[in-house]
Every structure is written in C-alpha cells, then in structure tokens.
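Data block for model.cif (mmCIF, C-alpha atoms):
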data_final
loop_
_atom_site.label_atom_id
_atom_site.label_comp_id
_atom_site.auth_asym_id
_atom_site.auth_seq_id
_atom_site.Cartn_x
_atom_site.Cartn_y
_atom_site.Cartn_z
CA MET H 12 17.62 -7.99 66.44
CA SER H 13 18.31 -11.65 66.41
CA ARG H 14 19.45 -13.44 63.31
CA ARG H 15 16.24 -15.46 63.29
CA ALA H 16 14.09 -12.28 63.42
CA ARG H 17 16.06 -10.72 60.55
CA TRP H 18 15.62 -13.86 58.50
CA LEU H 19 11.86 -13.79 59.23
CA ILE H 20 11.51 -10.12 58.32
CA GLY H 21 13.56 -10.67 55.16
CA THR H 22 11.39 -13.60 54.15
CA LEU H 23 8.23 -11.58 54.81
CA LEU H 24 9.57 -8.68 52.74
CA VAL H 25 10.42 -11.02 49.87
CA LEU H 26 6.96 -12.57 50.04
CA LEU H 27 5.36 -9.12 50.20
CA LEU H 28 7.38 -7.96 47.20
CA ALA H 29 6.54 -11.12 45.26
CA THR H 30 2.84 -10.70 46.08
CA ALA H 31 2.88 -7.01 45.13
CA THR H 32 4.69 -7.81 41.88
CA SER H 33 2.27 -10.61 41.05
CA VAL H 34 -0.77 -8.45 41.82
CA GLY H 35 0.73 -5.59 39.82
CA ALA H 36 1.51 -7.86 36.88
CA ALA H 37 -1.95 -9.41 37.06
CA THR H 38 -3.48 -5.92 37.13
CA VAL H 39 -1.49 -4.87 34.07
CA VAL H 40 -2.42 -8.08 32.23
CA ALA H 41 -6.09 -7.72 33.21
CA TYR H 42 -6.07 -4.05 32.18
CA ARG H 43 -4.48 -4.81 28.84
CA ALA H 44 -6.84 -7.73 28.21
CA GLY H 45 -9.83 -5.46 28.80
CA SER H 46 -13.16 -6.77 29.97
CA VAL H 47 -16.20 -8.54 28.67
CA ALA H 48 -19.22 -6.38 29.42
CA VAL H 49 -22.89 -7.17 29.07
CA ALA H 50 -25.59 -4.67 29.95
CA VAL H 51 -29.31 -5.27 29.56
CA THR H 52 -31.72 -2.44 30.20
CA PRO H 53 -35.38 -3.43 29.85
CA SER H 54 -38.01 -0.74 29.47
CA ASP H 55 -39.83 -2.10 32.53
CA GLY H 56 -37.70 -3.79 35.13
CA PRO H 57 -34.28 -3.67 36.68
CA ALA H 58 -31.22 -3.21 34.53
CA VAL H 59 -28.58 -5.90 34.60
CA SER H 60 -24.95 -5.08 34.08
CA LEU H 61 -22.05 -7.52 34.17
CA ARG H 62 -18.38 -6.80 33.63
CA VAL H 63 -15.82 -9.60 33.79
CA PRO H 64 -12.09 -9.14 33.20
CA ALA H 65 -11.36 -10.70 29.84
CA VAL H 66 -8.33 -12.39 31.31
CA LEU H 67 -10.69 -14.58 33.37
CA VAL H 68 -12.62 -15.51 30.25
CA ASP H 69 -9.34 -16.27 28.48
CA LEU H 70 -8.30 -18.40 31.44
CA ALA H 71 -11.58 -20.28 31.44
CA VAL H 72 -11.32 -20.84 27.71
CA ALA H 73 -7.77 -22.11 28.12
CA LEU H 74 -8.67 -24.47 30.96
CA VAL H 75 -11.78 -26.06 29.52
CA PRO H 76 -10.70 -29.28 27.77
CA ALA H 77 -11.64 -29.29 24.09
CA ARG H 78 -13.26 -32.70 24.46
CA LEU H 79 -15.48 -31.45 27.29
CA LEU H 80 -16.54 -28.50 25.15
CA ARG H 81 -17.32 -30.89 22.31
CA ASP H 82 -19.38 -33.15 24.58
CA GLU H 83 -21.30 -30.33 26.25
CA LEU H 84 -21.99 -28.31 23.11
CA HIS H 85 -23.81 -30.92 21.10
CA GLY H 86 -23.98 -28.88 17.91
CA VAL H 87 -20.33 -27.88 17.96
CA HIS H 88 -19.44 -30.27 15.11
CA GLU H 89 -21.77 -28.26 12.88
CA LEU H 90 -19.34 -25.38 13.29
CA ARG H 91 -16.61 -27.32 11.50
CA PRO H 92 -16.93 -25.46 8.15
CA PHE H 93 -17.00 -22.12 9.94
CA THR H 94 -14.17 -22.35 12.46
CA PRO H 95 -11.39 -21.31 10.02
CA LEU H 96 -13.62 -18.40 8.97
CA LEU H 97 -14.25 -17.43 12.61
CA ARG H 98 -10.56 -17.45 13.41
CA ALA H 99 -9.66 -15.48 10.32
CA ALA H 100 -12.43 -12.98 11.08
CA ALA H 101 -11.11 -12.52 14.62
CA ARG H 102 -7.61 -11.91 13.30
CA GLU H 103 -8.89 -9.47 10.69
CA LEU H 104 -10.84 -7.59 13.36
CA GLU H 105 -7.64 -7.01 15.29
CA ARG H 106 -6.22 -5.19 12.27
CA CYS H 107 -9.45 -3.38 11.43
CA PRO H 108 -9.58 0.36 12.18
CA ASP H 109 -12.36 1.68 14.40
CA ALA H 110 -15.63 1.79 12.48
CA THR H 111 -19.28 0.89 12.43
CA LEU H 112 -19.15 -2.41 10.57
CA VAL H 113 -22.82 -3.29 10.42
CA GLU H 114 -25.91 -1.26 11.14
CA VAL H 115 -29.42 -2.62 10.74
CA ARG H 116 -32.45 -0.43 11.39
CA ASP H 117 -36.00 -1.71 11.24
CA ARG H 118 -38.33 1.07 12.24
CA GLY H 119 -37.74 1.44 15.99
CA ASP H 120 -35.26 -1.41 16.31
CA THR H 121 -31.55 -1.06 15.77
CA VAL H 122 -28.62 -3.45 15.72
CA VAL H 123 -25.13 -2.00 15.47
CA VAL H 124 -21.82 -3.88 15.36
CA GLU H 125 -18.76 -1.71 15.70
CA LYS H 126 -15.08 -1.96 16.35
CA THR H 127 -13.91 0.47 19.01
CA GLY H 128 -10.36 0.29 20.22
CA ASP H 129 -9.59 -3.33 21.02
CA ALA H 130 -13.21 -4.34 21.43
CA LEU H 131 -16.04 -5.51 19.27
CA ILE H 132 -19.24 -3.90 20.47
CA VAL H 133 -22.77 -5.06 19.68
CA ARG H 134 -25.64 -2.73 20.51
CA VAL H 135 -29.25 -3.84 20.20
CA ASP H 136 -32.01 -1.33 20.83
CA THR H 137 -35.62 -2.42 20.61
CA GLY H 138 -38.75 -0.90 22.03
CA ASP H 139 -38.57 -3.37 24.92
CA GLU H 140 -34.94 -3.32 25.90
CA ARG H 141 -31.43 -2.16 25.20
CA VAL H 142 -28.58 -4.65 25.13
CA ARG H 143 -24.92 -3.76 24.93
CA ILE H 144 -22.17 -6.34 24.64
CA ALA H 145 -18.48 -5.53 24.48
CA VAL H 146 -15.88 -8.24 23.91
CA PRO H 147 -12.14 -7.75 23.43
CA VAL H 148 -11.18 -8.91 19.94
CA ARG H 149 -8.38 -11.06 21.33
CA THR H 150 -10.89 -12.95 23.43
CA LEU H 151 -12.90 -13.64 20.28
CA ASP H 152 -9.78 -15.09 18.70
CA ARG H 153 -9.12 -17.33 21.71
CA VAL H 154 -12.73 -18.55 21.76
CA ALA H 155 -12.58 -19.25 18.02
CA ARG H 156 -9.32 -21.15 18.48
CA LYS H 157 -10.86 -23.21 21.27
CA LEU H 158 -13.90 -23.99 19.16
CA GLN H 159 -11.59 -25.14 16.39
CA SER H 160 -9.82 -27.44 18.84
CA ALA H 161 -13.14 -28.76 20.10
CA VAL H 162 -14.27 -29.51 16.58
CA ALA H 163 -10.96 -31.18 15.80
CA ALA H 164 -11.29 -33.28 18.95
CA GLY H 165 -14.47 -34.70 17.53
CA VAL H 166 -12.67 -36.26 14.58
CA MET Z 18 -37.14 -12.59 -6.68
CA LEU Z 19 -35.82 -9.14 -5.92
CA ARG Z 20 -34.45 -10.32 -2.58
CA ARG Z 21 -32.60 -13.15 -4.32
CA LEU Z 22 -31.27 -10.67 -6.84
CA ILE Z 23 -30.15 -8.35 -4.09
CA LEU Z 24 -28.51 -11.19 -2.18
CA ALA Z 25 -26.74 -12.46 -5.27
CA THR Z 26 -25.65 -8.92 -6.06
CA LEU Z 27 -24.30 -8.40 -2.58
CA ILE Z 28 -22.37 -11.66 -2.50
CA THR Z 29 -20.93 -11.13 -5.95
CA THR Z 30 -20.01 -7.55 -5.33
CA LEU Z 31 -18.54 -8.25 -1.93
CA ALA Z 32 -16.50 -10.98 -3.48
CA LEU Z 33 -15.36 -8.82 -6.36
CA SER Z 34 -14.52 -5.92 -4.18
CA GLY Z 35 -12.41 -8.13 -2.02
CA ALA Z 36 -10.06 -7.68 -4.83
CA ALA Z 37 -8.47 -4.77 -3.38
CA ALA Z 38 -6.99 -7.29 -1.17
CA ALA Z 39 -4.18 -5.00 -0.64
CA SER Z 40 -4.54 -3.10 2.60
CA ASP Z 41 -4.60 0.20 0.72
CA GLY Z 42 -7.21 1.73 3.00
CA ARG Z 43 -10.14 1.09 0.72
CA TRP Z 44 -13.50 0.07 2.13
CA ILE Z 45 -16.42 -1.72 0.61
CA HIS Z 46 -19.81 -0.33 1.52
CA VAL Z 47 -23.20 -1.95 1.06
CA ARG Z 48 -26.34 0.04 1.71
CA VAL Z 49 -29.84 -1.38 1.43
CA LEU Z 50 -32.80 0.89 2.06
CA GLU Z 51 -36.37 -0.42 2.15
CA ASP Z 52 -39.71 1.25 2.71
CA GLY Z 53 -38.22 4.63 1.89
CA GLY Z 54 -35.53 4.29 4.54
CA GLU Z 55 -37.73 2.88 7.34
CA GLU Z 56 -35.66 -0.29 7.12
CA SER Z 57 -32.00 -0.14 6.33
CA VAL Z 58 -28.88 -2.26 6.31
CA ARG Z 59 -25.41 -0.73 6.13
CA VAL Z 60 -22.25 -2.74 5.96
CA ASN Z 61 -18.78 -1.17 5.97
CA LEU Z 62 -15.79 -3.49 5.73
CA PRO Z 63 -12.12 -3.05 4.87
CA LEU Z 64 -11.45 -4.53 1.46
CA SER Z 65 -8.49 -6.43 2.84
CA MET Z 66 -10.79 -8.14 5.34
CA VAL Z 67 -13.23 -9.18 2.63
CA ALA Z 68 -10.41 -10.45 0.43
CA ASN Z 69 -8.94 -12.56 3.20
CA LEU Z 70 -12.25 -14.02 4.38
CA LEU Z 71 -13.77 -14.71 0.99
CA PRO Z 72 -11.85 -17.93 0.22
CA LEU Z 73 -12.93 -19.34 3.60
CA ILE Z 74 -16.65 -19.05 2.95
CA ASP Z 75 -18.24 -22.36 2.07
CA ALA Z 76 -21.98 -22.34 1.63
CA ASP Z 77 -24.45 -23.86 -0.83
CA GLU Z 78 -23.24 -23.09 -4.37
CA PHE Z 79 -20.36 -20.95 -3.13
CA HIS Z 80 -17.20 -22.96 -2.51
CA ARG Z 81 -13.84 -21.41 -1.81
CA GLY Z 82 -14.35 -18.41 -4.02
CA ILE Z 83 -16.11 -20.16 -6.88
CA VAL Z 84 -19.83 -19.93 -7.57
CA HIS Z 85 -21.35 -23.00 -9.20
CA ILE Z 86 -24.43 -22.19 -11.26
CA ASP Z 87 -26.55 -25.24 -11.96
CA ASP Z 88 -28.57 -23.76 -14.79
CA PRO Z 89 -28.40 -25.07 -18.41
CA ASP Z 90 -29.51 -21.68 -19.73
CA PHE Z 91 -26.55 -20.04 -18.04
CA ARG Z 92 -24.14 -22.55 -19.59
CA ARG Z 93 -25.59 -21.93 -23.04
CA LEU Z 94 -25.14 -18.17 -22.77
CA ASP Z 95 -21.45 -18.31 -23.73
CA LEU Z 96 -20.65 -15.31 -21.57
CA ARG Z 97 -16.99 -16.15 -21.93
CA GLY Z 98 -17.18 -15.60 -25.70
CA MET Z 99 -19.12 -12.37 -25.26
CA VAL Z 100 -16.58 -10.91 -22.85
CA GLU Z 101 -13.75 -11.99 -25.14
CA GLU Z 102 -15.37 -10.06 -27.99
CA LEU Z 103 -16.01 -7.03 -25.81
CA LYS Z 104 -12.47 -7.01 -24.49
CA ASN Z 105 -11.00 -6.56 -27.93
CA ALA Z 106 -13.63 -4.13 -29.18
CA PRO Z 107 -13.51 -0.31 -28.98
CA ASP Z 108 -15.77 1.61 -26.59
CA ALA Z 109 -19.36 1.28 -27.78
CA GLU Z 110 -22.83 0.15 -26.87
CA PHE Z 111 -22.98 -3.52 -27.82
CA VAL Z 112 -26.33 -4.77 -26.72
CA THR Z 113 -29.56 -2.89 -26.64
CA VAL Z 114 -32.79 -4.71 -25.96
CA LYS Z 115 -36.03 -2.80 -25.80
CA ASP Z 116 -39.32 -4.46 -25.06
CA ARG Z 117 -42.18 -2.08 -24.40
CA GLY Z 118 -41.06 -0.16 -21.32
CA ASP Z 119 -38.14 -2.44 -20.51
CA SER Z 120 -34.63 -1.92 -21.75
CA VAL Z 121 -31.24 -3.58 -21.29
CA ARG Z 122 -28.01 -1.99 -22.41
CA VAL Z 123 -24.54 -3.48 -22.31
CA SER Z 124 -21.65 -1.24 -23.23
CA LYS Z 125 -17.95 -0.72 -22.81
CA ALA Z 126 -16.50 2.63 -21.83
CA GLY Z 127 -13.10 3.57 -20.46
CA GLY Z 128 -12.18 -0.03 -19.77
CA PHE Z 129 -15.37 -0.69 -17.84
CA LEU Z 130 -18.20 -3.07 -18.64
CA LEU Z 131 -21.44 -1.20 -18.06
CA VAL Z 132 -24.82 -2.85 -17.71
CA GLN Z 133 -28.00 -0.82 -17.47
CA VAL Z 134 -31.39 -2.40 -16.90
CA ASP Z 135 -34.52 -0.28 -16.82
CA GLU Z 136 -37.87 -1.95 -16.39
CA ASP Z 137 -41.33 -0.67 -16.99
CA ASP Z 138 -42.21 -0.96 -13.31
CA GLY Z 139 -39.43 1.41 -12.30
CA GLN Z 140 -36.78 -1.15 -11.46
CA ARG Z 141 -33.35 0.21 -12.36
CA VAL Z 142 -30.05 -1.65 -12.20
CA ARG Z 143 -26.59 -0.25 -12.92
CA VAL Z 144 -23.43 -2.33 -12.90
CA ARG Z 145 -19.94 -0.93 -13.50
CA VAL Z 146 -17.13 -3.47 -13.54
CA PRO Z 147 -13.61 -3.24 -15.02
CA MET Z 148 -13.27 -5.42 -18.14
CA GLN Z 149 -10.35 -7.33 -16.62
CA VAL Z 150 -12.60 -8.31 -13.73
CA ALA Z 151 -15.39 -9.56 -15.99
CA ASP Z 152 -12.80 -11.48 -17.96
CA ALA Z 153 -11.36 -13.11 -14.83
CA LEU Z 154 -14.80 -13.83 -13.42
CA LEU Z 155 -15.65 -15.96 -16.46
CA SER Z 156 -12.24 -17.58 -16.82
CA GLY Z 157 -13.40 -20.94 -15.42
CA PRO Z 158 -15.81 -23.58 -16.80
CA SER Z 159 -19.08 -22.34 -18.26
CA ASP Z 160 -21.08 -23.19 -15.14
CA GLN Z 161 -18.78 -21.36 -12.74
CA LEU Z 162 -17.97 -17.82 -11.74
CA ASP Z 163 -14.39 -17.63 -10.52
CA LEU Z 164 -14.59 -14.95 -7.87
CA VAL Z 165 -11.05 -15.52 -6.65
CA ALA Z 166 -9.66 -14.71 -10.09
CA ALA Z 167 -11.98 -11.73 -10.29
CA VAL Z 168 -10.79 -10.58 -6.91
CA ARG Z 169 -7.19 -10.66 -8.06
CA ALA Z 170 -8.09 -8.70 -11.18
CA LEU Z 171 -9.97 -6.07 -9.24
CA GLY Z 172 -7.10 -5.73 -6.80
CA GLU Z 173 -4.75 -5.01 -9.68
CA HIS Z 174 -7.18 -2.51 -11.17
CA GLY Z 175 -7.56 -0.46 -7.99
CA MET Z 176 -10.88 1.18 -8.86
CA ASP Z 177 -13.15 3.06 -6.52
CA GLY Z 178 -16.71 4.38 -6.91
CA ASP Z 179 -20.01 2.64 -7.52
CA LEU Z 180 -20.03 -1.04 -8.47
CA VAL Z 181 -23.73 -1.79 -8.36
CA THR Z 182 -26.87 0.22 -7.78
CA VAL Z 183 -30.38 -1.22 -7.76
CA GLU Z 184 -33.55 0.79 -7.39
CA ASP Z 185 -36.89 -0.91 -7.21
CA GLY Z 186 -39.80 1.13 -5.93
CA ASP Z 187 -39.08 2.02 -2.36
CA THR Z 188 -36.09 -0.34 -2.19
CA SER Z 189 -32.59 0.66 -3.14
CA VAL Z 190 -29.24 -1.07 -3.01
CA ARG Z 191 -25.87 0.57 -3.47
CA VAL Z 192 -22.48 -1.10 -3.36
CA TRP Z 193 -19.41 1.04 -3.69
CA ILE Z 194 -15.73 1.37 -2.80
CA ASP Z 195 -13.99 4.36 -1.28
CA TYR Z 196 -11.45 5.40 1.32
CA ASP Z 197 -13.96 6.46 4.00
CA GLU Z 198 -14.70 3.82 6.66
CA GLN Z 199 -18.25 5.05 7.20
CA GLY Z 200 -19.19 6.04 3.69
CA PRO Z 201 -21.28 9.16 3.06
#

Written as structure tokens, that's how I'd like the structure from this file.
Amino acid sequence: MSRRARWLIGTLLVLLLATATSVGAATVVAYRAGSVAVAVTPSDGPAVSLRVPAVLVDLAVALVPARLLRDELHGVHELRPFTPLLRAAARELERCPDATLVEVRDRGDTVVVEKTGDALIVRVDTGDERVRIAVPVRTLDRVARKLQSAVAAGV
Amino acid sequence: MLRRLILATLITTLALSGAAAASDGRWIHVRVLEDGGEESVRVNLPLSMVANLLPLIDADEFHRGIVHIDDPDFRRLDLRGMVEELKNAPDAEFVTVKDRGDSVRVSKAGGFLLVQVDEDDGQRVRVRVPMQVADALLSGPSDQLDLVAAVRALGEHGMDGDLVTVEDGDTSVRVWIDYDEQGP
C-alpha cells in the first residue's frame, strides 16, 4: 500500500471516528435533554402527534436573538413582572419530586399538571378532544431565561 | 362574595404555608369541591416551592409578600392590639358573638389561634394558625399583612394539619399541610 493510500485511509478513519463520536455525543445529549411532545386526539378526526428532541428547542431558543423575540412577540413586555417568577418556578420544578401538582375537574372536563421524571406534563381531556403536552423542565427554564432577556432588551 | 373569600383564603394560606420554607418534605394542599364534587380543584405543592416563589409574586394589592388592604374599617380594627393581648393570655375563648343563627368564636388553645364562624345558612369556617404566625402577620403597619414575616414564623413553628376549612352548601375548601405529595 502506498504512503498516499495509507494517509487517505487514516484520514478517512479519523473522520469516521470523529463523525461517530459526534453522532454518539449528540445522541447522548438529545437523550438526556428529552423531548417536547404534543399529542392532540379529537373525538372526530385524525390524531396529531409531534415529538421534537428538546435539544433542538433549546438550540432554537439559544439562537433566536432576544431583540427579535421582543419585536415579534408584541406583548412580551407585559411579561416583565412575571419573568423572575417564571424562572424561579422552572428552577423549583427541577427540584420538585414527582407529583400531580394541579388537577381541575369540571364535570366531564379535566386538566392535570404533573411532574414526572424530568418533564412537566399537561393533560387536558374534554368531551371533544384529548391534549397531552410534555416539556422537559430544563427547556422551560431556558425559555424563561430567554423571555427574561427579551424583556430586558426592550428597556 | 364567597369566591372572593375563597380566593383570599387560598392566597393567604398559601403564603402562610410557604413558611415551611425549609425543604423538610412538607406539602401544602388546597382542595376546592363545588356542586358536591362535580367540580373540583386540587393543588399540591412543596412548601419550599411556595416559600421561594411567594416573594416574587406581584399582583394588585399583593406586593413582594405584603398585602395592602385599602379599607378604613380594617385599619380601625386594631388587630395588632388584639393579637398582642391574646399572645400573653392563657388558653381560653376570647370572643363569642352570637346573632340569631350566626356565631363567631375566637379562642386560643395550645399555642394556636382558632377562629370558628358558623352562619345560619350553613356556612362554616375554621381557621387554625399558630399564635406566632398571627403575630408576625400583623407586625407591619395597620393596613398591611406581612406575609413574609408570617412565612418565617410558620417555618420556625413546623406545624402540619388543617389550616383552613370552609364549607358553604355544596362548596367546600380545605387547606392543609402534610408529608404526602398527593394528600389523602
């Protein structure tokens, strides 16, 4: 085997290893970050289910400039008094043990907010449809932090 | 009126219970049942969470743990003086008001301030608060309830059990503290 061929094979192996390591690391990060899941099941019609790796949401949140968020969300400045509360609530949720935090029942309709593992889960059941939303608590904290930045950018 | 009472009760009790600020595993539970249970609201939160979030809530008359009451009648009540008297008094029933079918009783027992309201129409209110908490709650100006001070006092007391129960026809409210995250 020529020296040039060995160099080429070596380079390819290094690239392959780097790619495998990156994909593996990304998989671990994505797995640890969990996923944002939304499922809507109407009583008449097709069910819609969406599951996005939370790491993508985190990335999107990190990349969106605070000023753009402020400009696009016109009412964001009204959140100013609540952003410290939102961030603190997100941090508290991380420490909170698994539990049903809120449960509202009104005859046939039910709304449940619960902490399960690393996720905050909201379940809404009405006569017309069932909605289930699961969001990793860390993602909530990142979104709250971004909102705080957006509000601050409006100063 | 009842809804406002319930709301005020919930906010006050949530605030007070936040006392247990310490993460000692205690939970605050609020249960509201209406129409004989057809409608219900259940809230279960760690006391530490309530204690940490309470000072960040800023809404209407509630600012950073202090409730401002814009009512001349409230200022004239001299609740501070009443609690001061009760604090130094032995266990006893101090106030009893009876008017036809209605009755209000205020007493002190085992270090707790107990309030019992029974109305002719079946409305029944029970409040059980440690004396130190009532004292701290009224430690500010006469038009304010200092919930932060009350929270500290309740945290030091470390009580569990019922704080407030309200029964009014087919509506009932219960607020209590225990070590079970889901309550009974």

Query - Which residue of Z:Arg59, Z:His46, Z:Lys115, Z:Arg93 approaches chain H most closely, using only C-alpha atoms - result: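 Ranked by minimum distance to chain H, first place goes to Z:Arg59.
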
Query raised in the report: Mind listing as a list of chain:residue names which residues of chain H are within 7 Å of chain Z, counting only C-alpha atoms?
Result: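 Residues passing the distance filter: H:Pro92, H:Pro95, H:Leu96, H:Ala99, H:Ala100, H:Glu103, H:Ala110, H:Thr111, H:Leu112, H:Val113, H:Glu114, H:Val115, H:Arg116, H:Asp117, H:Arg118.
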
Could you write those residues out with C-alpha atoms, as an mmCIF file, in the coordinates of the input?
data_model
loop_
_atom_site.group_PDB
_atom_site.id
_atom_site.type_symbol
_atom_site.label_atom_id
_atom_site.label_comp_id
_atom_site.auth_asym_id
_atom_site.auth_seq_id
_atom_site.Cartn_x
_atom_site.Cartn_y
_atom_site.Cartn_z
ATOM 1 C CA PRO H 92 -16.930 -25.460 8.150
ATOM 2 C CA PRO H 95 -11.390 -21.310 10.020
ATOM 3 C CA LEU H 96 -13.620 -18.400 8.970
ATOM 4 C CA ALA H 99 -9.660 -15.480 10.320
ATOM 5 C CA ALA H 100 -12.430 -12.980 11.080
ATOM 6 C CA GLU H 103 -8.890 -9.470 10.690
ATOM 7 C CA ALA H 110 -15.630 1.790 12.480
ATOM 8 C CA THR H 111 -19.280 0.890 12.430
ATOM 9 C CA LEU H 112 -19.150 -2.410 10.570
ATOM 10 C CA VAL H 113 -22.820 -3.290 10.420
ATOM 11 C CA GLU H 114 -25.910 -1.260 11.140
ATOM 12 C CA VAL H 115 -29.420 -2.620 10.740
ATOM 13 C CA ARG H 116 -32.450 -0.430 11.390
ATOM 14 C CA ASP H 117 -36.000 -1.710 11.240
ATOM 15 C CA ARG H 118 -38.330 1.070 12.240
#

Using the chain letters and numbers from the file, which residues does the PyMOL selection byres ((chain H and resi 147) around 7) grab, as a short mmCIF file (atom, residue, chain, number, x, y, z; two decimals) with C-alpha atoms, in the coordinates of the input?
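Contents of selection.cif, freshly written:
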data_model
loop_
_atom_site.label_atom_id
_atom_site.label_comp_id
_atom_site.auth_asym_id
_atom_site.auth_seq_id
_atom_site.Cartn_x
_atom_site.Cartn_y
_atom_site.Cartn_z
CA GLY H 45 -9.83 -5.46 28.80
CA SER H 46 -13.16 -6.77 29.97
CA VAL H 47 -16.20 -8.54 28.67
CA ASP H 129 -9.59 -3.33 21.02
CA ALA H 130 -13.21 -4.34 21.43
CA LEU H 131 -16.04 -5.51 19.27
CA ALA H 145 -18.48 -5.53 24.48
CA VAL H 146 -15.88 -8.24 23.91
CA VAL H 148 -11.18 -8.91 19.94
CA ARG H 149 -8.38 -11.06 21.33
CA THR H 150 -10.89 -12.95 23.43
CA LEU H 151 -12.90 -13.64 20.28
#

Report task. Go ahead and compute the interatomic distance for CA of Ala58 in chain H and CA of Lys126 in chain H, in Å to one decimal. Result ->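 According to the coordinates, CA of Ala58 in chain H and CA of Lys126 in chain H are separated by 24.3 Å.
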
Report task. Take CA of Val168 in chain Z and CA of Val150 in chain Z and report the distance between them in Å, one decimal. Result ->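 Separation of CA of Val168 in chain Z and CA of Val150 in chain Z: 7.4 Å.
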
Report task. Check which residues satisfy the PyMOL selection byres ((chain Z and resi 122) around 10) in the file shown, then give them as a list in words. Result -> Glu110, Phe111, Val112, Thr113, Val114, Lys115, Ser120, Val121, Val123, Ser124, Leu131, Val132, Gln133, Val134, Asp135 and Arg143 of chain Z

Query raised in the report: Can you list, as a ChimeraX atom specification, the residues that the PyMOL selection byres ((chain H and resi 53) around 9) selects here?
Result: /H:51-52,54-59,138-142
